[in-house]
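Next comes protein_24.txt, a file with compact mmCIF, C-alpha atoms.
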# COMPACT_ATOMS: atom_id res chain seq x y z
CA PRO A 1 86.06 -20.99 -24.88
CA PRO A 2 82.27 -21.00 -24.75
CA MET A 3 79.99 -20.63 -27.75
CA LEU A 4 79.20 -16.96 -28.34
CA THR A 5 76.09 -15.49 -29.90
CA VAL A 6 76.71 -12.21 -31.69
CA TYR A 7 73.80 -9.95 -32.61
CA GLY A 8 74.70 -7.47 -35.31
CA LEU A 9 74.38 -6.85 -39.02
CA THR A 10 75.90 -9.14 -41.65
CA LYS A 11 77.34 -6.18 -43.57
CA CYS A 12 78.60 -4.28 -40.49
CA THR A 13 82.40 -4.04 -40.74
CA THR A 14 82.76 -3.81 -36.95
CA CYS A 15 80.73 -7.03 -36.56
CA GLN A 16 82.83 -8.76 -39.23
CA LYS A 17 86.05 -7.68 -37.51
CA ALA A 18 84.77 -8.82 -34.11
CA ILE A 19 83.74 -12.25 -35.45
CA SER A 20 87.10 -12.68 -37.16
CA GLU A 21 89.01 -11.75 -33.99
CA LEU A 22 86.76 -13.92 -31.80
CA ALA A 23 87.36 -16.89 -34.11
CA GLY A 24 91.09 -16.15 -33.85
CA MET A 25 90.76 -16.39 -30.05
CA GLY A 26 89.25 -19.84 -30.46
CA HIS A 27 85.60 -18.91 -29.89
CA SER A 28 82.77 -20.55 -31.81
CA VAL A 29 80.53 -17.72 -32.97
CA THR A 30 76.96 -17.60 -34.26
CA LEU A 31 75.99 -14.30 -35.93
CA LEU A 32 72.33 -13.34 -35.81
CA ASP A 33 71.49 -10.42 -38.10
CA VAL A 34 69.12 -8.16 -36.15
CA ARG A 35 67.40 -7.00 -39.34
CA ALA A 36 66.93 -10.47 -40.87
CA ASP A 37 66.68 -12.66 -37.76
CA GLY A 38 65.34 -10.14 -35.25
CA ILE A 39 66.18 -10.05 -31.56
CA SER A 40 63.93 -11.23 -28.75
CA ASP A 41 62.48 -9.01 -26.03
CA GLY A 42 64.25 -11.20 -23.49
CA VAL A 43 67.67 -10.60 -25.02
CA LEU A 44 67.00 -6.86 -25.37
CA ARG A 45 65.80 -6.60 -21.76
CA ALA A 46 68.84 -8.51 -20.49
CA ALA A 47 71.13 -6.28 -22.58
CA LEU A 48 69.44 -3.12 -21.28
CA ASP A 49 69.79 -4.42 -17.70
CA GLN A 50 73.47 -5.31 -18.06
CA VAL A 51 74.74 -2.73 -20.52
CA GLY A 52 72.31 0.14 -19.96
CA ALA A 53 70.38 2.19 -22.49
CA ALA A 54 73.10 4.85 -22.70
CA ARG A 55 75.59 2.25 -23.94
CA LEU A 56 73.18 0.08 -25.94
CA LEU A 57 71.57 2.84 -28.02
CA ASN A 58 73.95 3.91 -30.77
CA ARG A 59 73.34 7.65 -30.79
CA GLY A 60 75.97 8.15 -33.48
CA SER A 61 74.15 5.99 -36.03
CA MET A 62 72.40 7.11 -39.20
CA THR A 63 69.25 5.49 -37.80
CA TRP A 64 69.39 7.68 -34.67
CA ARG A 65 69.92 10.84 -36.73
CA GLY A 66 66.84 9.95 -38.77
CA LEU A 67 64.56 9.80 -35.71
CA SER A 68 62.40 12.68 -34.56
CA GLU A 69 62.88 14.19 -31.09
CA ALA A 70 59.67 12.47 -29.99
CA GLU A 71 60.95 9.09 -31.23
CA ARG A 72 64.32 9.60 -29.51
CA ALA A 73 62.50 10.28 -26.23
CA GLY A 74 60.75 6.91 -26.49
CA GLU A 75 61.27 3.91 -24.24
CA PRO A 76 64.60 2.20 -25.13
CA LEU A 77 63.13 -1.32 -25.53
CA ALA A 78 60.44 -0.03 -27.93
CA LEU A 79 63.04 2.01 -29.86
CA LEU A 80 65.32 -1.01 -30.29
CA LYS A 81 62.45 -3.28 -31.30
CA ALA A 82 61.25 -0.78 -33.92
CA ASN A 83 64.80 0.02 -35.11
CA PRO A 84 67.15 -2.94 -34.48
CA SER A 85 69.99 -1.13 -36.25
CA LEU A 86 69.98 1.42 -33.38
CA MET A 87 71.70 -1.17 -31.22
CA LYS A 88 75.40 -0.72 -30.51
CA ARG A 89 77.09 -3.52 -32.42
CA PRO A 90 78.13 -6.18 -31.94
CA LEU A 91 76.02 -7.33 -29.01
CA ILE A 92 77.84 -10.40 -27.69
CA ILE A 93 76.16 -12.99 -25.49
CA ASN A 94 78.74 -15.01 -23.53
CA GLY A 95 76.72 -17.28 -21.25
CA ALA A 96 75.02 -14.88 -18.84
CA LYS A 97 77.38 -11.98 -19.68
CA ILE A 98 76.43 -9.44 -22.34
CA THR A 99 78.68 -6.83 -23.94
CA ALA A 100 77.91 -4.16 -26.55
CA GLY A 101 80.38 -2.72 -29.01
CA TRP A 102 83.83 -3.95 -29.99
CA THR A 103 86.08 -2.21 -27.51
CA LYS A 104 89.33 -2.99 -25.72
CA ALA A 105 87.29 -3.79 -22.57
CA THR A 106 85.11 -6.23 -24.53
CA LYS A 107 88.15 -7.96 -26.02
CA THR A 108 89.79 -8.21 -22.58
CA ALA A 109 86.60 -9.69 -21.05
CA LEU A 110 86.46 -12.32 -23.80
CA THR A 111 90.11 -13.35 -23.59
CA ALA A 112 90.02 -13.82 -19.82
Do you think you could lay out the structure here as structure tokens?
Amino acid sequence: PPMLTVYGLTKCTTCQKAISELAGMGHSVTLLDVRADGISDGVLRAALDQVGAARLLNRGSMTWRGLSEAERAGEPLALLKANPSLMKRPLIINGAKITAGWTKATKTALTA
């Protein structure tokens, strides 16, 4: 399996579970903490293009609930840059393919 880059949060239980399961599938995984390490505009743009803002913005997060209506109406790239924890986690980069969240579909795509 190819080397995977996972953007998430070190303390995020979903990210920890995903990394553990990915390692169990034989993947080599590098975790980049979006708060500590940041995330590039290029990666965010590619994720928005492939995944879409509706899927990439975690509207159920505490961060989202703390935003004003005006902030929520902002441009998705700017929102994610200002609040990296708004991103649906984990964001997994598998070559040119990007997935967001740890779902059955994501697992299936990574085992194929």
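In terms of minimum interatomic distance to Leu56 (chain A), A:Pro76 ranks closest within A:Gly8, A:Pro76, A:Gly95, A:Gly24, counting all atoms listed in the file.
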Under the rule of at most 12 Å, produce a per-residue listing of region 58-108 of chain A near region 40-54 of chain A: chain, number, name, the closest pair of atoms, and the distance in Å, as a Markdown table, using all atoms listed in the file.
| residue | atom | partner | partner_atom | distance |
| --- | --- | --- | --- | --- |
| A:Asn58 | CA | A:Ala54 | CA | 8.2 |
| A:Arg59 | CA | A:Ala54 | CA | 8.6 |
| A:Gly60 | CA | A:Ala54 | CA | 11.6 |
| A:Arg72 | CA | A:Ala53 | CA | 11.9 |
| A:Ala73 | CA | A:Ala53 | CA | 11.9 |
| A:Gly74 | CA | A:Ala53 | CA | 11.4 |
| A:Glu75 | CA | A:Ala53 | CA | 9.4 |
| A:Pro76 | CA | A:Ala53 | CA | 6.4 |
| A:Leu77 | CA | A:Leu44 | CA | 6.8 |
| A:Ala78 | CA | A:Asp41 | CA | 9.4 |
| A:Leu79 | CA | A:Ala53 | CA | 10.4 |
| A:Leu80 | CA | A:Leu44 | CA | 7.8 |
| A:Lys81 | CA | A:Asp41 | CA | 7.8 |
| A:Ala82 | CA | A:Asp41 | CA | 11.5 |
| A:Pro84 | CA | A:Leu44 | CA | 9.9 |
| A:Leu86 | CA | A:Ala53 | CA | 10.9 |
| A:Met87 | CA | A:Leu44 | CA | 9.4 |
| A:Lys88 | CA | A:Ala54 | CA | 9.9 |
| A:Arg89 | CA | A:Ala47 | CA | 11.8 |
| A:Pro90 | CA | A:Ala47 | CA | 11.7 |
| A:Leu91 | CA | A:Ala47 | CA | 8.1 |
| A:Ile92 | CA | A:Ala47 | CA | 9.4 |
| A:Ile93 | CA | A:Val43 | CA | 8.8 |
| A:Asn94 | CA | A:Ala47 | CA | 11.6 |
| A:Gly95 | CA | A:Ala46 | CA | 11.8 |
| A:Ala96 | CA | A:Ala46 | CA | 9.0 |
| A:Lys97 | CA | A:Gln50 | CA | 7.9 |
| A:Ile98 | CA | A:Ala47 | CA | 6.2 |
| A:Thr99 | CA | A:Val51 | CA | 6.6 |
| A:Ala100 | CA | A:Val51 | CA | 7.0 |
| A:Gly101 | CA | A:Val51 | CA | 10.2 |
| A:Thr106 | CA | A:Val51 | CA | 11.7 |
For this session: Could you please determine the separation between CA of Ala36 (chain A) and CA of Asn83 (chain A) in Å, to one decimal place?
Result: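 Straight-line distance from CA of Ala36 (chain A) to CA of Asn83 (chain A) works out to 12.2 Å.
Note that the spacing between CA of Thr63 (chain A) and CA of Cys12 (chain A) amounts to 13.8 Å.
Picture a line from CA of Arg35 (chain A) to CA of Ser20 (chain A); it runs 20.6 Å.
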So that I can see what lies close to Leu22 (chain A), please list as a short mmCIF file (atom, residue, chain, number, x, y, z; two decimals) with C-alpha atoms, keeping the file's coordinate frame the residues with an atom at most 9 Å from it, counting all atoms listed in the file and leaving out residues fewer than 6 positions away in the same chain.
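After the write, out-v6.cif holds the following:
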data_model
loop_
_atom_site.label_atom_id
_atom_site.label_comp_id
_atom_site.auth_asym_id
_atom_site.auth_seq_id
_atom_site.Cartn_x
_atom_site.Cartn_y
_atom_site.Cartn_z
CA LEU A 4 79.20 -16.96 -28.34
CA SER A 28 82.77 -20.55 -31.81
CA VAL A 29 80.53 -17.72 -32.97
CA LYS A 107 88.15 -7.96 -26.02
CA LEU A 110 86.46 -12.32 -23.80
CA THR A 111 90.11 -13.35 -23.59
#
For this session: Go through A:Leu57, A:Met3, A:Trp102, A:Ala70 one by one, measure the shortest atom-to-atom distance of each to Gln16 (chain A) using all atoms listed in the file, and give the residue with the smallest value.
Result: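 Of all the options, A:Trp102 lies closest to Gln16 (chain A).
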Problem set entry | Counting all atoms listed in the file, the option among A:Asp33, A:Lys17, A:Glu69, A:Gly26 closest to Thr5 (chain A) |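 Among the listed residues, the smallest separation from Thr5 (chain A) belongs to A:Asp33.
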Problem set entry | Best match for closeness to Val6 (chain A) among A:Leu32, A:Glu21, A:Ser85, A:Met62, counting only C-alpha atoms |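 Among the listed residues, the smallest separation from Val6 (chain A) belongs to A:Leu32.
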Around all listed atoms of region 90-98 of chain A, padded 5 Å per side, what centre and edge lengths does the axis-aligned box have in Å to one decimal, as AutoDock Vina command-line options?
--center_x 76.9 --center_y -11.7 --center_z -25.4 --size_x 13.7 --size_y 21.1 --size_z 23.1
Seminar exercise, completed: Shortest contact to Ile39 (chain A), candidates A:Thr108, A:Tyr7, A:Thr103, A:Glu71, atoms counted only C-alpha atoms, goes to A:Tyr7
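Residue nearest Val34 (chain A) within the list A:Arg55, A:Arg65, A:Lys11, A:Lys104: A:Lys11 [criterion: smallest interatomic distance, only C-alpha atoms].
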For region 11-22 of chain A, where the input has fewer atoms than it should, I would like all heavy atoms rebuilt and written as an mmCIF file, in the frame of the given file.
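Resulting contents of out_1.cif:
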data_model
loop_
_atom_site.group_PDB
_atom_site.id
_atom_site.type_symbol
_atom_site.label_atom_id
_atom_site.label_comp_id
_atom_site.auth_asym_id
_atom_site.auth_seq_id
_atom_site.Cartn_x
_atom_site.Cartn_y
_atom_site.Cartn_z
ATOM 1 N N LYS A 11 76.465 -7.068 -42.814
ATOM 2 C CA LYS A 11 77.340 -6.180 -43.570
ATOM 3 C C LYS A 11 78.104 -5.169 -42.706
ATOM 4 O O LYS A 11 78.858 -4.354 -43.222
ATOM 5 C CB LYS A 11 76.539 -5.445 -44.646
ATOM 6 C CG LYS A 11 76.009 -6.379 -45.725
ATOM 7 C CD LYS A 11 75.339 -5.602 -46.817
ATOM 8 C CE LYS A 11 74.803 -6.354 -47.987
ATOM 9 N NZ LYS A 11 74.985 -7.745 -48.117
ATOM 10 N N CYS A 12 77.922 -5.224 -41.395
ATOM 11 C CA CYS A 12 78.600 -4.280 -40.490
ATOM 12 C C CYS A 12 80.078 -4.650 -40.383
ATOM 13 O O CYS A 12 80.416 -5.766 -39.970
ATOM 14 C CB CYS A 12 77.919 -4.344 -39.117
ATOM 15 S SG CYS A 12 78.799 -3.481 -37.804
ATOM 16 N N THR A 13 80.959 -3.733 -40.756
ATOM 17 C CA THR A 13 82.400 -4.040 -40.740
ATOM 18 C C THR A 13 82.900 -4.284 -39.323
ATOM 19 O O THR A 13 83.792 -5.111 -39.122
ATOM 20 C CB THR A 13 83.214 -2.920 -41.417
ATOM 21 O OG1 THR A 13 82.907 -1.678 -40.796
ATOM 22 C CG2 THR A 13 82.922 -2.851 -42.904
ATOM 23 N N THR A 14 82.354 -3.590 -38.335
ATOM 24 C CA THR A 14 82.760 -3.810 -36.950
ATOM 25 C C THR A 14 82.374 -5.226 -36.511
ATOM 26 O O THR A 14 83.156 -5.912 -35.845
ATOM 27 C CB THR A 14 82.136 -2.762 -36.010
ATOM 28 O OG1 THR A 14 82.499 -1.464 -36.476
ATOM 29 C CG2 THR A 14 82.620 -2.939 -34.581
ATOM 30 N N CYS A 15 81.181 -5.671 -36.891
ATOM 31 C CA CYS A 15 80.730 -7.030 -36.560
ATOM 32 C C CYS A 15 81.633 -8.059 -37.231
ATOM 33 O O CYS A 15 82.033 -9.048 -36.603
ATOM 34 C CB CYS A 15 79.282 -7.246 -36.973
ATOM 35 S SG CYS A 15 78.115 -6.236 -36.049
ATOM 36 N N GLN A 16 81.964 -7.837 -38.500
ATOM 37 C CA GLN A 16 82.830 -8.760 -39.230
ATOM 38 C C GLN A 16 84.200 -8.859 -38.569
ATOM 39 O O GLN A 16 84.744 -9.951 -38.402
ATOM 40 C CB GLN A 16 82.974 -8.311 -40.691
ATOM 41 C CG GLN A 16 81.690 -8.440 -41.486
ATOM 42 C CD GLN A 16 81.751 -7.721 -42.832
ATOM 43 O OE1 GLN A 16 82.680 -6.979 -43.128
ATOM 44 N NE2 GLN A 16 80.723 -7.937 -43.649
ATOM 45 N N LYS A 17 84.736 -7.710 -38.168
ATOM 46 C CA LYS A 17 86.050 -7.680 -37.510
ATOM 47 C C LYS A 17 85.988 -8.421 -36.175
ATOM 48 O O LYS A 17 86.870 -9.216 -35.850
ATOM 49 C CB LYS A 17 86.471 -6.217 -37.296
ATOM 50 C CG LYS A 17 87.824 -6.066 -36.662
ATOM 51 C CD LYS A 17 88.209 -4.599 -36.522
ATOM 52 C CE LYS A 17 89.574 -4.511 -35.882
ATOM 53 N NZ LYS A 17 89.850 -3.237 -35.288
ATOM 54 N N ALA A 18 84.931 -8.175 -35.406
ATOM 55 C CA ALA A 18 84.770 -8.820 -34.110
ATOM 56 C C ALA A 18 84.695 -10.340 -34.270
ATOM 57 O O ALA A 18 85.368 -11.087 -33.542
ATOM 58 C CB ALA A 18 83.520 -8.310 -33.402
ATOM 59 N N ILE A 19 83.900 -10.807 -35.234
ATOM 60 C CA ILE A 19 83.740 -12.250 -35.450
ATOM 61 C C ILE A 19 85.073 -12.869 -35.854
ATOM 62 O O ILE A 19 85.455 -13.932 -35.364
ATOM 63 C CB ILE A 19 82.626 -12.516 -36.480
ATOM 64 C CG1 ILE A 19 81.275 -12.187 -35.830
ATOM 65 C CG2 ILE A 19 82.662 -13.949 -36.980
ATOM 66 C CD1 ILE A 19 80.128 -12.089 -36.789
ATOM 67 N N SER A 20 85.794 -12.189 -36.723
ATOM 68 C CA SER A 20 87.100 -12.680 -37.160
ATOM 69 C C SER A 20 88.068 -12.783 -35.975
ATOM 70 O O SER A 20 88.750 -13.798 -35.798
ATOM 71 C CB SER A 20 87.646 -11.740 -38.237
ATOM 72 O OG SER A 20 88.965 -12.081 -38.564
ATOM 73 N N GLU A 21 88.111 -11.740 -35.149
ATOM 74 C CA GLU A 21 89.010 -11.750 -33.990
ATOM 75 C C GLU A 21 88.577 -12.783 -32.958
ATOM 76 O O GLU A 21 89.420 -13.440 -32.347
ATOM 77 C CB GLU A 21 89.085 -10.350 -33.371
ATOM 78 C CG GLU A 21 89.859 -9.372 -34.245
ATOM 79 C CD GLU A 21 90.018 -7.989 -33.612
ATOM 80 O OE1 GLU A 21 90.128 -7.894 -32.374
ATOM 81 O OE2 GLU A 21 90.023 -7.007 -34.365
ATOM 82 N N LEU A 22 87.262 -12.921 -32.748
ATOM 83 C CA LEU A 22 86.760 -13.920 -31.800
ATOM 84 C C LEU A 22 87.118 -15.333 -32.257
ATOM 85 O O LEU A 22 87.534 -16.167 -31.446
ATOM 86 C CB LEU A 22 85.246 -13.788 -31.624
ATOM 87 C CG LEU A 22 84.781 -12.554 -30.847
ATOM 88 C CD1 LEU A 22 83.281 -12.353 -31.016
ATOM 89 C CD2 LEU A 22 85.156 -12.662 -29.377
#
